[in-house]
file protein.txt (compact mmCIF, C-alpha atoms)
# COMPACT_ATOMS: atom_id res chain seq x y z
CA MET Z 1 -2.94 23.28 -35.43
CA GLY Z 2 -4.26 25.72 -37.95
CA ARG Z 3 -3.22 27.30 -41.23
CA SER Z 4 -2.50 31.00 -41.57
CA ARG Z 5 -0.15 33.23 -43.55
CA GLY Z 6 2.73 31.81 -41.58
CA GLY Z 7 1.87 28.23 -42.50
CA LEU Z 8 0.82 25.62 -39.94
CA THR Z 9 0.63 27.49 -36.65
CA THR Z 10 -0.59 27.13 -33.09
CA LYS Z 11 -1.48 29.97 -30.75
CA ILE Z 12 -0.89 29.88 -27.00
CA HIS Z 13 -3.33 31.76 -24.75
CA ALA Z 14 -2.43 32.31 -21.11
CA LEU Z 15 -4.20 33.60 -18.02
CA VAL Z 16 -2.02 34.73 -15.11
CA ASP Z 17 -2.80 36.11 -11.66
CA ALA Z 18 -1.87 39.50 -10.19
CA CYS Z 19 1.62 38.16 -9.43
CA GLY Z 20 2.22 36.94 -12.99
CA LEU Z 21 1.86 33.26 -12.03
CA PRO Z 22 0.05 31.02 -14.56
CA ILE Z 23 -3.55 30.01 -13.93
CA LEU Z 24 -4.51 28.49 -17.27
CA LEU Z 25 -2.98 27.77 -20.67
CA LYS Z 26 -4.89 27.03 -23.86
CA LEU Z 27 -3.83 26.12 -27.41
CA THR Z 28 -5.84 27.09 -30.48
CA GLU Z 29 -5.34 27.20 -34.22
CA GLY Z 30 -3.18 30.08 -35.34
CA GLN Z 31 -6.04 31.79 -37.19
CA ALA Z 32 -8.53 31.53 -34.27
CA HIS Z 33 -9.97 34.81 -32.94
CA ASP Z 34 -8.43 35.66 -29.55
CA GLY Z 35 -11.63 37.06 -28.05
CA ARG Z 36 -13.72 33.98 -28.80
CA SER Z 37 -10.90 31.67 -27.70
CA ALA Z 38 -10.78 33.30 -24.26
CA GLN Z 39 -14.46 32.72 -23.49
CA ASP Z 40 -13.87 29.36 -21.76
CA MET Z 41 -10.78 30.56 -19.85
CA LEU Z 42 -12.65 32.74 -17.37
CA GLY Z 43 -13.70 30.09 -14.86
CA SER Z 44 -11.37 31.45 -12.18
CA VAL Z 45 -12.43 35.10 -12.65
CA GLU Z 46 -14.56 36.17 -9.69
CA ARG Z 47 -16.78 39.10 -8.78
CA GLY Z 48 -14.74 42.27 -8.35
CA ASP Z 49 -11.80 41.04 -10.47
CA VAL Z 50 -10.39 43.09 -13.33
CA LEU Z 51 -9.23 41.38 -16.52
CA LEU Z 52 -6.39 43.03 -18.42
CA ALA Z 53 -5.89 42.06 -22.06
CA ASP Z 54 -4.59 43.56 -25.27
CA ALA Z 55 -6.72 44.68 -28.19
CA ALA Z 56 -6.76 41.23 -29.81
CA TYR Z 57 -9.15 40.11 -27.03
CA ASP Z 58 -11.52 43.07 -27.48
CA SER Z 59 -15.01 41.73 -28.19
CA ASP Z 60 -18.47 42.57 -26.96
CA ALA Z 61 -19.11 38.93 -26.09
CA LEU Z 62 -16.07 38.75 -23.81
CA ARG Z 63 -16.98 42.01 -22.08
CA GLU Z 64 -20.55 40.80 -21.54
CA THR Z 65 -19.32 37.50 -20.08
CA LEU Z 66 -17.12 39.37 -17.60
CA ALA Z 67 -19.97 41.71 -16.64
CA ALA Z 68 -22.25 38.72 -16.01
CA ARG Z 69 -19.64 37.36 -13.59
CA GLY Z 70 -19.42 40.67 -11.75
CA ALA Z 71 -15.92 41.36 -13.11
CA ARG Z 72 -14.65 44.32 -15.12
CA ALA Z 73 -12.78 44.37 -18.41
CA ASN Z 74 -9.83 46.71 -18.80
CA ILE Z 75 -9.09 45.75 -22.39
CA LYS Z 76 -7.59 48.02 -25.01
CA ALA Z 77 -10.19 48.72 -27.70
CA MET Z 78 -9.78 47.71 -31.34
CA PRO Z 79 -8.93 50.71 -33.58
CA ASN Z 80 -12.16 50.27 -35.60
CA ARG Z 81 -14.44 50.86 -32.60
CA LEU Z 82 -16.48 54.06 -32.97
CA LYS Z 83 -17.08 54.35 -29.23
CA PRO Z 84 -14.13 52.74 -27.40
CA PRO Z 85 -14.96 51.52 -23.86
CA ARG Z 86 -13.24 53.28 -21.00
CA LEU Z 87 -9.66 52.16 -20.36
CA SER Z 88 -7.55 52.80 -17.25
CA LYS Z 89 -4.06 53.36 -18.62
CA PRO Z 90 -2.27 53.10 -15.24
CA LEU Z 91 -4.01 49.79 -14.63
CA TYR Z 92 -3.40 48.62 -18.20
CA ARG Z 93 0.35 49.02 -17.65
CA ARG Z 94 0.12 46.09 -15.24
CA ARG Z 95 -0.39 43.90 -18.32
CA ASN Z 96 3.39 43.68 -18.49
CA LEU Z 97 3.01 40.70 -16.14
CA ILE Z 98 1.64 38.53 -18.96
CA GLU Z 99 4.43 39.73 -21.25
CA ARG Z 100 6.98 38.73 -18.63
CA PHE Z 101 5.33 35.32 -18.36
CA PHE Z 102 5.63 34.73 -22.10
CA ASN Z 103 9.22 35.91 -21.97
CA LYS Z 104 9.93 33.17 -19.43
CA LEU Z 105 8.00 30.65 -21.52
CA LYS Z 106 10.23 31.43 -24.49
CA HIS Z 107 13.24 30.24 -22.52
CA PHE Z 108 12.14 26.78 -23.66
CA ARG Z 109 13.67 26.42 -27.11
CA ALA Z 110 10.91 24.27 -28.62
CA VAL Z 111 8.37 26.98 -27.76
CA ALA Z 112 10.54 29.93 -28.74
CA THR Z 113 11.35 28.46 -32.17
CA ARG Z 114 7.78 27.18 -32.60
CA TYR Z 115 8.74 23.54 -33.08
CA ASP Z 116 5.99 22.38 -30.69
CA LYS Z 117 2.88 23.20 -32.73
CA SER Z 118 0.69 20.22 -31.81
CA ASP Z 119 -1.08 19.97 -28.44
CA ASP Z 120 0.25 16.38 -28.19
CA ASN Z 121 3.52 17.98 -27.06
CA TYR Z 122 1.80 19.57 -24.06
CA ILE Z 123 -0.16 16.59 -22.74
CA VAL Z 124 0.18 16.03 -18.99
CA PRO Z 125 -0.47 12.34 -18.09
CA GLY Z 126 -2.40 13.29 -14.98
CA ASN Z 127 -2.42 15.53 -12.00
CA PHE Z 128 -0.24 14.54 -9.08
CA LYS Z 129 0.18 16.17 -5.74
CA GLY Z 130 2.84 14.82 -3.46
CA GLY Z 131 6.14 15.44 -1.80
CA GLU Z 132 4.71 18.22 0.31
CA GLY Z 133 6.77 19.47 3.21
CA THR Z 134 6.10 21.10 6.54
CA ASN Z 135 8.50 23.61 8.06
CA VAL Z 136 7.70 25.08 11.46
CA SER Z 137 10.01 27.26 13.54
CA LEU Z 138 9.62 29.12 16.81
CA THR Z 139 11.99 31.63 18.40
CA MET Z 140 11.59 33.32 21.76
CA GLY Z 141 13.76 35.18 24.19
CA VAL Z 142 13.81 37.06 27.47
CA ASN Z 143 16.11 39.58 29.08
CA ALA Z 144 17.33 39.39 32.68
CA PRO Z 145 15.42 41.70 35.05
CA ASP Z 146 18.56 43.71 35.71
CA GLY Z 147 19.30 44.03 31.98
CA LYS Z 148 22.65 42.23 32.30
CA GLY Z 149 21.75 39.06 30.38
CA ASN Z 150 19.56 37.40 27.81
CA ILE Z 151 18.32 33.93 26.85
CA THR Z 152 17.15 33.18 23.31
CA ALA Z 153 15.70 29.76 22.47
CA TYR Z 154 14.44 28.22 19.25
CA ALA Z 155 12.69 25.07 18.06
CA THR Z 156 12.31 23.78 14.49
CA TYR Z 157 10.42 20.95 12.86
CA ILE Z 158 10.75 19.82 9.24
CA SER Z 159 8.77 17.01 7.64
CA ILE Z 160 8.97 15.99 3.96
CA ASN Z 161 6.64 13.43 2.39
CA PRO Z 162 8.00 10.79 -0.01
CA VAL Z 163 7.48 10.62 -3.76
CA THR Z 164 7.62 7.19 -5.41
CA ALA Z 165 8.48 6.56 -9.04
CA ASN Z 166 5.03 5.19 -9.89
CA ASN Z 167 3.63 8.75 -9.90
CA TYR Z 168 5.28 9.68 -13.21
CA ASP Z 169 5.08 7.86 -16.53
CA TYR Z 170 8.76 8.49 -17.27
CA THR Z 171 9.94 6.88 -14.00
CA ALA Z 172 7.30 4.19 -13.39
CA CYS Z 173 8.83 1.84 -15.96
CA SER Z 174 12.24 0.17 -15.94
CA LEU Z 175 13.15 0.68 -19.58
CA ASN Z 176 13.83 -2.19 -21.96
CA SER Z 177 15.96 -2.05 -25.07
CA GLY Z 178 14.29 -2.36 -28.46
CA THR Z 179 13.51 -0.49 -31.66
CA THR Z 180 11.68 2.05 -29.52
CA PHE Z 181 11.04 2.15 -25.78
CA ALA Z 182 7.30 2.14 -26.43
CA ALA Z 183 7.52 -1.03 -28.50
CA ALA Z 184 9.88 -2.74 -26.04
CA GLY Z 185 7.66 -2.01 -23.04
CA CYS Z 186 8.69 -2.12 -19.41
CA GLY Z 187 11.66 -4.29 -18.55
CA GLY Z 188 12.35 -5.87 -15.22
CA SER Z 189 13.93 -8.60 -13.16
CA GLY Z 190 13.58 -12.34 -13.65
CA THR Z 191 13.00 -12.60 -9.91
CA ALA Z 192 9.31 -11.89 -10.19
CA PHE Z 193 5.94 -12.84 -8.80
CA PRO Z 194 4.57 -15.55 -8.98
CA ALA Z 195 7.44 -17.93 -8.32
CA ARG Z 196 9.67 -19.11 -11.14
CA PHE Z 197 11.10 -22.66 -11.47
CA ASP Z 198 13.86 -23.45 -13.95
CA PRO Z 199 14.85 -27.13 -13.46
CA VAL Z 200 18.19 -28.47 -14.68
CA ALA Z 201 17.70 -31.64 -16.70
CA PRO Z 202 19.70 -34.59 -15.31
CA ALA Z 203 21.93 -36.49 -17.72
CA GLY Z 204 19.90 -38.51 -20.18
CA ARG Z 205 16.67 -36.52 -19.71
CA ALA Z 206 15.13 -33.86 -21.91
CA ASP Z 207 15.11 -30.29 -20.71
CA PRO Z 208 11.84 -29.93 -18.77
CA GLY Z 209 11.51 -26.22 -19.58
CA ASN Z 210 11.08 -23.06 -17.55
CA PHE Z 211 7.90 -22.52 -15.52
CA ILE Z 212 6.09 -20.07 -13.27
CA VAL Z 213 3.19 -20.65 -10.94
CA ASP Z 214 0.15 -19.71 -13.00
CA PRO Z 215 -1.76 -16.95 -11.18
CA ALA Z 216 -4.83 -17.81 -13.31
CA GLY Z 217 -4.96 -21.21 -11.59
CA PRO Z 218 -6.79 -23.40 -10.82
CA GLY Z 219 -4.91 -24.33 -7.68
CA ASN Z 220 -1.26 -25.35 -8.00
CA THR Z 221 -0.61 -25.03 -11.73
CA PHE Z 222 2.53 -24.35 -13.73
CA ARG Z 223 2.66 -22.65 -17.10
CA THR Z 224 5.59 -22.05 -19.41
CA ARG Z 225 7.45 -18.85 -18.59
CA ASN Z 226 7.71 -16.19 -21.31
CA GLY Z 227 9.71 -13.03 -21.80
CA THR Z 228 7.08 -10.78 -20.23
CA ASP Z 229 7.14 -12.63 -16.90
CA VAL Z 230 9.43 -10.09 -15.25
CA TYR Z 231 9.09 -7.80 -12.25
CA ASN Z 232 9.06 -4.05 -12.90
CA PHE Z 233 11.21 -2.85 -10.00
CA ALA Z 234 10.94 0.88 -10.73
CA PRO Z 235 7.57 1.99 -9.22
CA THR Z 236 8.40 1.46 -5.54
CA ASN Z 237 11.69 3.37 -5.65
CA TYR Z 238 11.76 6.71 -3.85
CA LEU Z 239 12.39 9.73 -6.03
CA GLN Z 240 12.20 11.82 -2.88
CA ARG Z 241 12.84 10.23 0.48
CA PRO Z 242 10.67 10.95 3.50
CA ASP Z 243 12.50 13.02 6.04
CA GLU Z 244 11.72 14.26 9.55
CA ARG Z 245 13.93 16.61 11.56
CA TYR Z 246 13.70 18.17 14.99
CA GLY Z 247 15.91 20.94 16.24
CA LEU Z 248 16.21 22.72 19.58
CA GLY Z 249 18.67 25.24 20.85
CA ALA Z 250 19.30 28.09 23.24
CA PHE Z 251 21.87 30.89 23.60
CA ALA Z 252 22.43 32.65 26.93
CA HIS Z 253 24.80 35.20 28.37
CA TYR Z 254 24.97 37.08 31.67
CA GLU Z 255 27.30 39.78 32.92
CA ILE Z 256 28.57 38.63 36.28
CA THR Z 257 30.71 41.73 36.78
CA PRO Z 258 31.71 44.47 34.36
CA MET Z 259 34.87 42.43 33.77
CA PHE Z 260 33.38 38.90 33.37
CA GLU Z 261 30.51 37.51 31.32
CA ALA Z 262 29.27 33.94 31.35
CA TYR Z 263 27.70 32.42 28.24
CA ALA Z 264 26.32 29.11 27.02
CA ASP Z 265 25.21 27.62 23.70
CA VAL Z 266 23.07 24.46 23.72
CA MET Z 267 21.88 22.73 20.52
CA PHE Z 268 20.13 19.47 19.64
CA MET Z 269 19.19 17.99 16.27
CA GLU Z 270 17.65 14.66 15.28
CA ASP Z 271 17.05 13.71 11.65
CA THR Z 272 15.44 10.52 10.30
CA SER Z 273 15.21 9.63 6.61
CA THR Z 274 14.23 6.39 4.89
CA ALA Z 275 15.41 5.06 1.53
CA GLN Z 276 13.37 2.48 -0.37
CA ILE Z 277 13.95 0.24 -3.37
CA ALA Z 278 12.00 -2.69 -4.79
CA PRO Z 279 11.02 -5.66 -2.58
CA GLY Z 280 13.57 -8.39 -2.02
CA GLY Z 281 12.95 -12.09 -2.36
CA VAL Z 282 14.51 -15.41 -3.29
CA PHE Z 283 16.76 -14.23 -6.09
CA SER Z 284 17.67 -16.21 -9.17
CA LEU Z 285 20.73 -18.47 -8.70
CA GLY Z 286 20.76 -17.67 -4.98
CA GLY Z 287 20.32 -21.24 -3.78
CA PRO Z 288 22.73 -23.16 -1.52
CA ASN Z 289 23.74 -25.73 -4.14
CA ASN Z 290 25.78 -23.69 -6.60
CA GLY Z 291 22.84 -21.34 -6.81
CA LEU Z 292 20.28 -24.14 -7.16
CA TYR Z 293 17.70 -25.77 -4.92
CA SER Z 294 17.15 -29.53 -4.75
CA ILE Z 295 13.46 -30.44 -5.09
CA ASN Z 296 12.23 -33.99 -4.41
CA CYS Z 297 10.00 -35.30 -7.19
CA ASP Z 298 7.38 -36.66 -4.77
CA ASN Z 299 6.98 -33.32 -2.98
CA PRO Z 300 3.47 -33.41 -1.46
CA LEU Z 301 3.04 -29.65 -2.00
CA MET Z 302 2.97 -30.23 -5.78
CA THR Z 303 0.36 -31.96 -7.88
CA LEU Z 304 1.43 -34.99 -9.95
CA THR Z 305 1.26 -32.79 -13.06
CA GLN Z 306 3.69 -30.32 -11.52
CA GLN Z 307 5.98 -33.14 -10.37
CA ASN Z 308 6.14 -34.50 -13.92
CA GLN Z 309 6.71 -31.02 -15.35
CA LEU Z 310 9.75 -30.42 -13.14
CA CYS Z 311 11.21 -33.91 -13.03
CA GLY Z 312 10.07 -35.39 -16.34
CA VAL Z 313 7.17 -37.58 -17.35
CA GLY Z 314 7.14 -40.80 -15.32
CA VAL Z 315 9.61 -39.45 -12.76
CA GLY Z 316 7.09 -37.36 -10.81
CA GLY Z 317 5.91 -39.13 -7.68
CA THR Z 318 9.19 -41.06 -7.28
CA ASN Z 319 11.91 -40.51 -4.71
CA ALA Z 320 14.16 -38.88 -7.32
CA SER Z 321 15.10 -35.20 -7.09
CA VAL Z 322 15.85 -32.38 -9.48
CA ASP Z 323 18.04 -29.30 -9.11
CA ALA Z 324 16.22 -26.10 -10.04
CA ASN Z 325 16.81 -22.38 -10.14
CA VAL Z 326 14.03 -20.92 -8.00
CA ALA Z 327 13.17 -17.20 -7.91
CA ARG Z 328 10.31 -15.34 -6.24
CA ARG Z 329 9.78 -11.67 -5.46
CA ASN Z 330 8.52 -10.91 -1.93
CA VAL Z 331 5.80 -8.49 -3.03
CA GLU Z 332 3.86 -9.08 0.20
CA GLY Z 333 6.73 -7.68 2.27
CA GLY Z 334 6.86 -4.30 0.51
CA GLY Z 335 9.97 -2.42 -0.53
CA ARG Z 336 13.40 -2.84 1.02
CA THR Z 337 14.03 0.11 3.26
CA THR Z 338 17.07 1.60 4.94
CA GLU Z 339 16.65 4.10 7.76
CA PHE Z 340 19.21 6.83 8.24
CA LYS Z 341 19.15 8.49 11.65
CA HIS Z 342 21.43 11.23 12.89
CA THR Z 343 21.45 12.77 16.34
CA GLU Z 344 23.68 15.65 17.37
CA TYR Z 345 24.19 17.42 20.68
CA ARG Z 346 26.34 20.50 21.15
CA ILE Z 347 27.01 22.21 24.47
CA VAL Z 348 29.41 25.13 24.86
CA THR Z 349 29.87 27.05 28.09
CA GLY Z 350 32.41 29.70 28.81
CA LEU Z 351 33.54 32.75 30.72
CA LYS Z 352 35.13 35.75 29.08
CA GLY Z 353 36.50 39.06 30.23
CA MET Z 354 39.76 40.86 31.08
CA GLY Z 355 41.12 39.80 27.71
CA TYR Z 356 40.72 36.07 28.52
CA THR Z 357 38.20 33.47 27.33
CA PHE Z 358 37.62 30.13 29.10
CA VAL Z 359 35.59 27.68 27.03
CA THR Z 360 34.23 24.16 27.77
CA PRO Z 361 32.96 22.71 24.49
CA ALA Z 362 31.22 19.34 24.03
CA THR Z 363 29.88 18.01 20.72
CA ILE Z 364 28.35 14.52 20.38
CA LEU Z 365 27.37 12.98 17.05
CA ALA Z 366 25.42 9.76 16.66
CA GLY Z 367 24.14 8.18 13.49
call {"tool": "encode", "arguments": {"input": "protein.txt", "output": "structure tokens"}}
result
Amino acid sequence: MGRSRGGLTTKIHALVDACGLPILLKLTEGQAHDGRSAQDMLGSVERGDVLLADAAYDSDALRETLAARGARANIKAMPNRLKPPRLSKPLYRRRNLIERFFNKLKHFRAVATRYDKSDDNYIVPGNFKGGEGTNVSLTMGVNAPDGKGNITAYATYISINPVTANNYDYTACSLNSGTTFAAAGCGGSGTAFPARFDPVAPAGRADPGNFIVDPAGPGNTFRTRNGTDVYNFAPTNYLQRPDERYGLGAFAHYEITPMFEAYADVMFMEDTSTAQIAPGGVFSLGGPNNGLYSINCDNPLMTLTQQNQLCGVGVGGTNASVDANVARRNVEGGGRTTEFKHTEYRIVTGLKGMGYTFVTPATILAG
């Protein structure tokens, strides 16, 4: 952000290709010289290219940089030049592409009204490439040798790759409530990993507390559960589902006599798509005993310290038992998926002529 006659200002520089599509954007202070600002924007300019720019970018340094790259400058000269470089006016008219690009950019209100002056408003958290698709189709046909018929067949294939929510900062976090979302941090589910144990204190005993298996160990160790021990269920969700589709079909007709023509339409389509959400698990209050699990206090899979933590000091190692709410996310199993599959067949045959049409249709759907 810089200071000029208009106050605190920011200038946007853009480089577009021959189709008007953006290649590079750069922000500078409002008072920065355009020609010097463009020096580090020429990385994509190759030998034989022509750079079109208005007079604000006219500088000897910029022209020399282009010449060193084997490119040519078609830039309108500044009025104070005594010997203006040659300019192709028909070619210069093509500069309307950059004007059109800025016109589209101004559709965004914060840019058009110049609210977004700091480059913090333009930060991209990182490059991501995903969700690509493949679309292949083939059509062919042949006429009958006697010219009385034709068969046309086609085949299609479509494949779309998935996009999961972890690829974007604004979808990778299940939002928590708070003064601000940044201060609150990511929210989540109490059914998390590692396992959580919330024992119910029997009558006459103090509340043992709420524990999770301590991933920092050593061995089988509990620690007191806190508010951050939750599972962020957002990242594994599909923003775009994977999809795969096959299609086949054929159309045929043949003139049996000048009065009758036989025809047939045959089509096939199969589509498979998968939806995914966060992994499942043993969910909180999902036990068989009113949502609880009964744990014996001398369970050999627990250390004596853990037995005393769940059951109470002096009770661990005895044949007593404690009811506990147990929750654990099955992170090893991956996300919960649902597959949607649709298959369709369509067969139509018929005979037409003499003002009559005889049709035998058959359509079969399966999903």
call {"tool": "closest_residue", "arguments": {"input": "protein.txt", "among": "Z:Val230, Z:Ala155, Z:Ala216, Z:Ala32", "to": "Gly185 in chain Z", "atoms": "all atoms listed in the file"}}
result
Z:Val230
call {"tool": "closest_residue", "arguments": {"input": "protein.txt", "among": "Z:Gln306, Z:Thr236, Z:Ser189, Z:Ser321", "to": "Asp214 in chain Z", "atoms": "all atoms listed in the file"}}
result
Z:Gln306
call {"tool": "atom_distance", "arguments": {"input": "protein.txt", "atom1": "CA of Thr305 in chain Z", "atom2": "CA of Asn210 in chain Z"}}
result
14.5 Å
call {"tool": "residues_around", "arguments": {"input": "protein.txt", "residues": "Leu42 in chain Z", "least_positions_apart": "2", "cutoff": "12 Å", "atoms": "all atoms listed in the file", "output": "VMD selection string"}}
result
chain Z and resid 13 to 17 23 to 26 35 to 40 44 to 47 49 to 51 62 to 63 65 to 73
call {"tool": "residues_around", "arguments": {"input": "protein.txt", "residues": "Pro85 in chain Z", "least_positions_apart": "4", "cutoff": "10 Å", "atoms": "only C-alpha atoms", "output": "PyMOL selection string"}}
result
chain Z and resi 58+63+73-78+81
call {"tool": "closest_residue", "arguments": {"input": "protein.txt", "among": "Z:Lys352, Z:Tyr246, Z:Pro279, Z:Leu304", "to": "Gly333 in chain Z", "atoms": "all atoms listed in the file"}}
result
Z:Pro279
call {"tool": "residues_around", "arguments": {"input": "protein.txt", "residues": "Gly314 in chain Z", "least_positions_apart": "5", "cutoff": "12 Å", "atoms": "all atoms listed in the file", "output": "PDB file with C-alpha atoms, keeping the file's coordinate frame"}}
result
ATOM      1  CA  ARG Z 205      16.670 -36.520 -19.710  1.00  0.00           C
ATOM      2  CA  CYS Z 297      10.000 -35.300  -7.190  1.00  0.00           C
ATOM      3  CA  ASP Z 298       7.380 -36.660  -4.770  1.00  0.00           C
ATOM      4  CA  LEU Z 304       1.430 -34.990  -9.950  1.00  0.00           C
ATOM      5  CA  THR Z 305       1.260 -32.790 -13.060  1.00  0.00           C
ATOM      6  CA  GLN Z 306       3.690 -30.320 -11.520  1.00  0.00           C
ATOM      7  CA  GLN Z 307       5.980 -33.140 -10.370  1.00  0.00           C
ATOM      8  CA  ASN Z 308       6.140 -34.500 -13.920  1.00  0.00           C
ATOM      9  CA  GLN Z 309       6.710 -31.020 -15.350  1.00  0.00           C
ATOM     10  CA  ASN Z 319      11.910 -40.510  -4.710  1.00  0.00           C
ATOM     11  CA  ALA Z 320      14.160 -38.880  -7.320  1.00  0.00           C
TER      12      ALA Z 320
END
call {"tool": "atom_distance", "arguments": {"input": "protein.txt", "atom1": "CA of Pro194 in chain Z", "atom2": "CA of Gln276 in chain Z"}}
result
21.8 Å
call {"tool": "atom_distance", "arguments": {"input": "protein.txt", "atom1": "CA of His342 in chain Z", "atom2": "CA of Gly130 in chain Z"}}
result
25.0 Å
call {"tool": "residues_around", "arguments": {"input": "protein.txt", "residues": "range 156-164 of chain Z", "least_positions_apart": "4", "cutoff": "10 Å", "atoms": "all atoms listed in the file", "output": "MDAnalysis selection string"}}
result
chainID Z and resid 129:139 168 171:172 234:249 269:277
call {"tool": "closest_residue", "arguments": {"input": "protein.txt", "among": "Z:Gly141, Z:Gly149, Z:Gly280, Z:Gly43", "to": "Ala327 in chain Z", "atoms": "all atoms listed in the file"}}
result
Z:Gly280
